[in-house]
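Structure below is query.pdb: PDB, C-alpha atoms.
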MODEL        1
ATOM      1  CA  MET A 135     -49.638  -0.458 -16.191
ATOM      2  CA  ALA A 136     -52.006  -1.337 -19.063
ATOM      3  CA  ALA A 137     -49.299  -0.643 -21.641
ATOM      4  CA  SER A 138     -46.941  -2.957 -19.782
ATOM      5  CA  ARG A 139     -49.465  -5.817 -19.923
ATOM      6  CA  GLY A 140     -50.021  -5.266 -23.624
ATOM      7  CA  ARG A 141     -46.282  -5.269 -24.277
ATOM      8  CA  ARG A 142     -45.860  -8.398 -22.162
ATOM      9  CA  ILE A 143     -48.554 -10.226 -24.137
ATOM     10  CA  THR A 144     -47.080  -9.077 -27.451
ATOM     11  CA  VAL A 145     -43.535 -10.089 -26.467
ATOM     12  CA  THR A 146     -44.804 -13.453 -25.259
ATOM     13  CA  VAL A 147     -46.669 -14.059 -28.512
ATOM     14  CA  ALA A 148     -43.636 -13.113 -30.603
ATOM     15  CA  ALA A 149     -41.234 -15.311 -28.662
ATOM     16  CA  LEU A 150     -43.506 -18.293 -28.611
ATOM     17  CA  ALA A 151     -44.465 -17.876 -32.264
ATOM     18  CA  ALA A 152     -40.814 -18.460 -33.095
ATOM     19  CA  THR A 153     -40.997 -21.696 -31.115
ATOM     20  CA  VAL A 154     -44.093 -22.763 -33.053
ATOM     21  CA  LEU A 155     -42.344 -22.020 -36.329
ATOM     22  CA  THR A 156     -39.333 -24.065 -35.269
ATOM     23  CA  ALA A 157     -41.599 -26.925 -34.242
ATOM     24  CA  GLY A 158     -43.087 -26.757 -37.726
ATOM     25  CA  LEU A 159     -39.869 -28.178 -39.111
ATOM     26  CA  THR A 160     -40.573 -31.479 -37.380
ATOM     27  CA  THR A 161     -44.387 -31.679 -37.488
ATOM     28  CA  GLY A 162     -47.083 -31.713 -40.135
ATOM     29  CA  CYS A 163     -48.066 -28.552 -41.959
ATOM     30  CA  ASP A 164     -51.713 -28.765 -40.888
ATOM     31  CA  ALA A 165     -50.792 -28.719 -37.196
ATOM     32  CA  VAL A 166     -48.426 -25.813 -37.739
ATOM     33  CA  ASP A 167     -51.062 -23.903 -39.721
ATOM     34  CA  LYS A 168     -53.586 -24.376 -36.917
ATOM     35  CA  ALA A 169     -51.053 -23.311 -34.295
ATOM     36  CA  MET A 170     -50.092 -20.221 -36.288
ATOM     37  CA  ASP A 171     -53.760 -19.321 -36.795
ATOM     38  CA  CYS A 172     -54.239 -19.620 -33.040
ATOM     39  CA  VAL A 173     -51.152 -17.513 -32.282
ATOM     40  CA  GLN A 174     -52.101 -14.838 -34.812
ATOM     41  CA  THR A 175     -55.661 -14.644 -33.534
ATOM     42  CA  ALA A 176     -54.460 -14.586 -29.904
ATOM     43  CA  ASP A 177     -52.184 -11.689 -30.859
ATOM     44  CA  THR A 178     -55.135  -9.880 -32.436
ATOM     45  CA  ILE A 179     -57.150 -10.513 -29.270
ATOM     46  CA  ALA A 180     -54.273  -9.098 -27.198
ATOM     47  CA  ASP A 181     -54.525  -5.930 -29.301
ATOM     48  CA  SER A 182     -58.293  -5.870 -28.728
ATOM     49  CA  VAL A 183     -57.762  -6.255 -24.979
ATOM     50  CA  THR A 184     -55.379  -3.293 -25.056
ATOM     51  CA  ASN A 185     -58.072  -1.332 -26.909
ATOM     52  CA  LEU A 186     -60.600  -2.432 -24.278
ATOM     53  CA  GLN A 187     -58.349  -1.170 -21.482
ATOM     54  CA  GLN A 188     -58.025   2.175 -23.265
ATOM     55  CA  ALA A 189     -61.779   2.283 -23.871
ATOM     56  CA  VAL A 190     -62.432   1.817 -20.154
ATOM     57  CA  GLU A 191     -60.008   4.649 -19.394
ATOM     58  CA  ASN A 192     -61.788   6.876 -21.951
ATOM     59  CA  ALA A 193     -65.356   5.679 -21.264
ATOM     60  CA  SER A 194     -66.569   9.118 -20.298
ATOM     61  CA  ASN A 195     -65.446  10.512 -23.671
ATOM     62  CA  ASP A 196     -66.761   7.718 -25.922
ATOM     63  CA  PRO A 197     -68.744   4.875 -24.336
ATOM     64  CA  THR A 198     -69.184   3.156 -27.739
ATOM     65  CA  GLN A 199     -65.493   2.169 -27.673
ATOM     66  CA  LEU A 200     -66.261  -0.393 -24.965
ATOM     67  CA  ASP A 201     -68.813  -2.181 -27.154
ATOM     68  CA  GLU A 202     -66.547  -2.043 -30.181
ATOM     69  CA  SER A 203     -63.616  -3.534 -28.255
ATOM     70  CA  LEU A 204     -65.772  -6.315 -26.805
ATOM     71  CA  ALA A 205     -67.244  -7.072 -30.238
ATOM     72  CA  SER A 206     -63.735  -7.324 -31.688
ATOM     73  CA  ILE A 207     -62.722  -9.825 -29.008
ATOM     74  CA  ASP A 208     -65.906 -11.861 -29.622
ATOM     75  CA  LYS A 209     -65.258 -11.976 -33.365
ATOM     76  CA  ASN A 210     -61.704 -13.215 -32.905
ATOM     77  CA  LEU A 211     -62.714 -15.786 -30.296
ATOM     78  CA  ASP A 212     -65.125 -17.231 -32.845
ATOM     79  CA  LYS A 213     -62.211 -17.577 -35.290
ATOM     80  CA  ILE A 214     -60.117 -19.549 -32.811
ATOM     81  CA  GLY A 215     -63.034 -21.734 -31.728
ATOM     82  CA  ASP A 216     -63.766 -22.641 -35.342
ATOM     83  CA  LYS A 217     -60.187 -23.637 -36.108
ATOM     84  CA  THR A 218     -59.166 -25.840 -33.209
ATOM     85  CA  ASP A 219     -60.087 -29.086 -31.569
ATOM     86  CA  ASN A 220     -57.543 -28.603 -28.777
ATOM     87  CA  ALA A 221     -59.239 -28.918 -25.371
ATOM     88  CA  ASP A 222     -56.893 -26.438 -23.663
ATOM     89  CA  VAL A 223     -57.444 -23.804 -26.349
ATOM     90  CA  ASN A 224     -61.200 -24.343 -26.191
ATOM     91  CA  LYS A 225     -61.151 -23.950 -22.384
ATOM     92  CA  ALA A 226     -59.131 -20.732 -22.699
ATOM     93  CA  VAL A 227     -61.613 -19.450 -25.307
ATOM     94  CA  ASP A 228     -64.506 -20.314 -22.970
ATOM     95  CA  ASP A 229     -62.805 -18.538 -20.060
ATOM     96  CA  LEU A 230     -62.211 -15.437 -22.182
ATOM     97  CA  ASN A 231     -65.823 -15.516 -23.408
ATOM     98  CA  LYS A 232     -66.990 -15.643 -19.787
ATOM     99  CA  ALA A 233     -64.741 -12.716 -18.819
ATOM    100  CA  VAL A 234     -66.048 -10.652 -21.756
ATOM    101  CA  SER A 235     -69.613 -11.544 -20.808
ATOM    102  CA  ASN A 236     -68.973 -10.382 -17.238
ATOM    103  CA  VAL A 237     -67.692  -7.029 -18.521
ATOM    104  CA  ARG A 238     -70.790  -6.680 -20.725
ATOM    105  CA  THR A 239     -73.017  -7.418 -17.713
ATOM    106  CA  ALA A 240     -71.180  -4.863 -15.603
ATOM    107  CA  ILE A 241     -71.650  -2.240 -18.330
ATOM    108  CA  LYS A 242     -75.329  -3.132 -18.678
ATOM    109  CA  ASN A 243     -75.698  -2.713 -14.912
ATOM    110  CA  GLY A 244     -74.320   0.820 -15.145
ATOM    111  CA  ASP A 245     -70.624   0.309 -14.408
ATOM    112  CA  LYS A 246     -68.864   2.954 -16.513
ATOM    113  CA  THR A 247     -65.389   1.599 -15.736
ATOM    114  CA  PRO A 248     -65.675  -2.188 -15.357
ATOM    115  CA  ASP A 249     -62.744  -4.267 -14.157
ATOM    116  CA  VAL A 250     -61.189  -5.747 -17.293
ATOM    117  CA  SER A 251     -58.338  -7.538 -15.524
ATOM    118  CA  PRO A 252     -60.100 -10.933 -15.845
ATOM    119  CA  VAL A 253     -60.260 -10.322 -19.617
ATOM    120  CA  THR A 254     -56.560  -9.471 -19.658
ATOM    121  CA  ASP A 255     -55.713 -12.565 -17.608
ATOM    122  CA  ALA A 256     -57.833 -14.834 -19.812
ATOM    123  CA  ALA A 257     -56.266 -13.388 -22.975
ATOM    124  CA  GLY A 258     -52.823 -14.092 -21.531
ATOM    125  CA  GLU A 259     -53.839 -17.680 -20.813
ATOM    126  CA  LEU A 260     -55.166 -18.056 -24.362
ATOM    127  CA  THR A 261     -51.859 -16.813 -25.735
ATOM    128  CA  LYS A 262     -50.039 -19.305 -23.540
ATOM    129  CA  VAL A 263     -52.089 -22.301 -24.651
ATOM    130  CA  CYS A 264     -52.006 -21.286 -28.311
ATOM    131  CA  THR A 265     -48.252 -21.239 -28.270
ATOM    132  CA  SER A 266     -47.930 -24.541 -26.417
ATOM    133  CA  SER A 267     -50.465 -26.527 -28.456
TER     134      SER A 267
ENDMDL
END
Show how you would write the structure in this file as structure tokens.
Amino acid sequence: MAASRGRRITVTVAALAATVLTAGLTTGCDAVDKAMDCVQTADTIADSVTNLQQAVENASNDPTQLDESLASIDKNLDKIGDKTDNADVNKAVDDLNKAVSNVRTAIKNGDKTPDVSPVTDAAGELTKVCTSS
């Protein structure tokens, strides 16, 4: 099930990236560059979310993977937030930050296998808004 979500996010990013590239033929380069940065970073975040899902599944073997996956998502969210002034992208970044924070809180409270589906959902929304902005 987790692999299917990761593939769905990756396929969505690839298909919509082509749309962004096509739109670049009729819009300014700066807007296209920002959109591509957003798409590329959203794709990287999708990979990090997949890693997070795997880390939760393997938490008993290596609990440090959870922190590393969350840190990777945080780092990439900072990149998107720094590069856009789009309100929808910023809201999606905020929602994903909140979902990551909730997972961190659950881990801190002793949950060894926190529910990461809100993170997955928020990452999917970020991908959607990056490709439509």
For the structure provided, state which residues fall under the PyMOL selection byres ((chain A and resi 183-197) around 8), and present them as a PDB file with C-alpha atoms, in the coordinates of the input.
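Saved file selection.pdb follows:
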ATOM      1  CA  ALA A 136     -52.006  -1.337 -19.063  1.00  0.00           C
ATOM      2  CA  ALA A 137     -49.299  -0.643 -21.641  1.00  0.00           C
ATOM      3  CA  GLY A 140     -50.021  -5.266 -23.624  1.00  0.00           C
ATOM      4  CA  ILE A 179     -57.150 -10.513 -29.270  1.00  0.00           C
ATOM      5  CA  ALA A 180     -54.273  -9.098 -27.198  1.00  0.00           C
ATOM      6  CA  ASP A 181     -54.525  -5.930 -29.301  1.00  0.00           C
ATOM      7  CA  SER A 182     -58.293  -5.870 -28.728  1.00  0.00           C
ATOM      8  CA  THR A 198     -69.184   3.156 -27.739  1.00  0.00           C
ATOM      9  CA  GLN A 199     -65.493   2.169 -27.673  1.00  0.00           C
ATOM     10  CA  LEU A 200     -66.261  -0.393 -24.965  1.00  0.00           C
ATOM     11  CA  ASP A 201     -68.813  -2.181 -27.154  1.00  0.00           C
ATOM     12  CA  SER A 203     -63.616  -3.534 -28.255  1.00  0.00           C
ATOM     13  CA  LEU A 204     -65.772  -6.315 -26.805  1.00  0.00           C
ATOM     14  CA  ILE A 207     -62.722  -9.825 -29.008  1.00  0.00           C
ATOM     15  CA  LYS A 246     -68.864   2.954 -16.513  1.00  0.00           C
ATOM     16  CA  THR A 247     -65.389   1.599 -15.736  1.00  0.00           C
ATOM     17  CA  PRO A 248     -65.675  -2.188 -15.357  1.00  0.00           C
ATOM     18  CA  VAL A 250     -61.189  -5.747 -17.293  1.00  0.00           C
ATOM     19  CA  VAL A 253     -60.260 -10.322 -19.617  1.00  0.00           C
ATOM     20  CA  THR A 254     -56.560  -9.471 -19.658  1.00  0.00           C
ATOM     21  CA  ALA A 257     -56.266 -13.388 -22.975  1.00  0.00           C
TER      22      ALA A 257
END
(request) Report the residues retrieved by the PyMOL selection byres ((chain A and resi 231) around 9) from the displayed file, expressed as a PyMOL selection string. (result) chain A and resi 207-208+211+226-230+232-236+253+256
(request) Check the smallest atom-to-atom distance from each of A:Ser266, A:Ile241, A:Leu260, A:Ser251 to Thr178 (chain A) using only C-alpha atoms, then report the winner. (result) A:Leu260
(message) Quick check, in Å to one decimal: how far apart do CA of Cys172 (chain A) and CA of Arg238 (chain A) lie?
(response) 24.4 Å
(request) Would you mind reading off the distance between CA of Ala176 (chain A) and CA of Asp249 (chain A), one decimal, in Å? (result) 20.6 Å
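Take CA of Glu259 (chain A) and CA of Glu202 (chain A): the distance between them is 22.2 Å.
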Because the input lacks atoms here, generate N, CA, C and O atoms for region 241-262 of chain A and report them as an mmCIF file, keeping the file's coordinate frame.
data_model
loop_
_atom_site.group_PDB
_atom_site.id
_atom_site.type_symbol
_atom_site.label_atom_id
_atom_site.label_comp_id
_atom_site.auth_asym_id
_atom_site.auth_seq_id
_atom_site.Cartn_x
_atom_site.Cartn_y
_atom_site.Cartn_z
ATOM 1 N N ILE A 241 -71.295 -3.453 -17.579
ATOM 2 C CA ILE A 241 -71.650 -2.240 -18.330
ATOM 3 C C ILE A 241 -73.170 -2.071 -18.361
ATOM 4 O O ILE A 241 -73.692 -0.979 -18.132
ATOM 5 N N LYS A 242 -73.860 -3.169 -18.629
ATOM 6 C CA LYS A 242 -75.329 -3.132 -18.678
ATOM 7 C C LYS A 242 -75.920 -2.700 -17.340
ATOM 8 O O LYS A 242 -76.936 -2.018 -17.289
ATOM 9 N N ASN A 243 -75.245 -3.073 -16.262
ATOM 10 C CA ASN A 243 -75.698 -2.713 -14.912
ATOM 11 C C ASN A 243 -75.244 -1.323 -14.487
ATOM 12 O O ASN A 243 -75.398 -0.953 -13.327
ATOM 13 N N GLY A 244 -74.659 -0.571 -15.420
ATOM 14 C CA GLY A 244 -74.320 0.820 -15.145
ATOM 15 C C GLY A 244 -72.881 1.101 -14.770
ATOM 16 O O GLY A 244 -72.531 2.251 -14.491
ATOM 17 N N ASP A 245 -72.031 0.095 -14.743
ATOM 18 C CA ASP A 245 -70.624 0.309 -14.408
ATOM 19 C C ASP A 245 -69.923 0.969 -15.599
ATOM 20 O O ASP A 245 -69.780 0.366 -16.657
ATOM 21 N N LYS A 246 -69.508 2.198 -15.427
ATOM 22 C CA LYS A 246 -68.864 2.954 -16.513
ATOM 23 C C LYS A 246 -67.402 2.561 -16.700
ATOM 24 O O LYS A 246 -66.828 2.791 -17.753
ATOM 25 N N THR A 247 -66.795 2.017 -15.655
ATOM 26 C CA THR A 247 -65.389 1.599 -15.736
ATOM 27 C C THR A 247 -65.238 0.190 -15.153
ATOM 28 O O THR A 247 -64.684 0.011 -14.064
ATOM 29 N N PRO A 248 -65.732 -0.817 -15.877
ATOM 30 C CA PRO A 248 -65.675 -2.188 -15.357
ATOM 31 C C PRO A 248 -64.239 -2.690 -15.233
ATOM 32 O O PRO A 248 -63.342 -2.229 -15.948
ATOM 33 N N ASP A 249 -64.045 -3.628 -14.338
ATOM 34 C CA ASP A 249 -62.744 -4.267 -14.157
ATOM 35 C C ASP A 249 -62.500 -5.203 -15.330
ATOM 36 O O ASP A 249 -63.232 -6.172 -15.523
ATOM 37 N N VAL A 250 -61.497 -4.913 -16.133
ATOM 38 C CA VAL A 250 -61.189 -5.747 -17.293
ATOM 39 C C VAL A 250 -59.995 -6.664 -17.038
ATOM 40 O O VAL A 250 -59.554 -7.365 -17.939
ATOM 41 N N SER A 251 -59.493 -6.683 -15.808
ATOM 42 C CA SER A 251 -58.338 -7.538 -15.524
ATOM 43 C C SER A 251 -58.623 -9.030 -15.757
ATOM 44 O O SER A 251 -57.728 -9.740 -16.239
ATOM 45 N N PRO A 252 -59.848 -9.532 -15.497
ATOM 46 C CA PRO A 252 -60.100 -10.933 -15.845
ATOM 47 C C PRO A 252 -60.014 -11.183 -17.359
ATOM 48 O O PRO A 252 -59.587 -12.261 -17.790
ATOM 49 N N VAL A 253 -60.381 -10.198 -18.161
ATOM 50 C CA VAL A 253 -60.260 -10.322 -19.617
ATOM 51 C C VAL A 253 -58.781 -10.375 -19.991
ATOM 52 O O VAL A 253 -58.352 -11.214 -20.789
ATOM 53 N N THR A 254 -57.996 -9.503 -19.389
ATOM 54 C CA THR A 254 -56.560 -9.471 -19.658
ATOM 55 C C THR A 254 -55.908 -10.795 -19.257
ATOM 56 O O THR A 254 -55.106 -11.362 -20.010
ATOM 57 N N ASP A 255 -56.271 -11.293 -18.087
ATOM 58 C CA ASP A 255 -55.713 -12.565 -17.608
ATOM 59 C C ASP A 255 -56.096 -13.722 -18.530
ATOM 60 O O ASP A 255 -55.257 -14.562 -18.868
ATOM 61 N N ALA A 256 -57.361 -13.757 -18.939
ATOM 62 C CA ALA A 256 -57.833 -14.834 -19.812
ATOM 63 C C ALA A 256 -57.170 -14.752 -21.187
ATOM 64 O O ALA A 256 -56.846 -15.786 -21.787
ATOM 65 N N ALA A 257 -56.949 -13.553 -21.690
ATOM 66 C CA ALA A 257 -56.266 -13.388 -22.975
ATOM 67 C C ALA A 257 -54.822 -13.875 -22.872
ATOM 68 O O ALA A 257 -54.298 -14.510 -23.791
ATOM 69 N N GLY A 258 -54.183 -13.596 -21.746
ATOM 70 C CA GLY A 258 -52.823 -14.092 -21.531
ATOM 71 C C GLY A 258 -52.775 -15.608 -21.495
ATOM 72 O O GLY A 258 -51.867 -16.229 -22.048
ATOM 73 N N GLU A 259 -53.766 -16.218 -20.860
ATOM 74 C CA GLU A 259 -53.839 -17.680 -20.813
ATOM 75 C C GLU A 259 -54.069 -18.253 -22.208
ATOM 76 O O GLU A 259 -53.477 -19.266 -22.585
ATOM 77 N N LEU A 260 -54.917 -17.605 -22.998
ATOM 78 C CA LEU A 260 -55.166 -18.056 -24.362
ATOM 79 C C LEU A 260 -53.877 -17.995 -25.173
ATOM 80 O O LEU A 260 -53.541 -18.937 -25.907
ATOM 81 N N THR A 261 -53.142 -16.925 -25.031
ATOM 82 C CA THR A 261 -51.859 -16.813 -25.735
ATOM 83 C C THR A 261 -50.932 -17.945 -25.334
ATOM 84 O O THR A 261 -50.287 -18.564 -26.184
ATOM 85 N N LYS A 262 -50.903 -18.236 -24.046
ATOM 86 C CA LYS A 262 -50.039 -19.305 -23.540
ATOM 87 C C LYS A 262 -50.417 -20.660 -24.140
ATOM 88 O O LYS A 262 -49.550 -21.394 -24.613
#
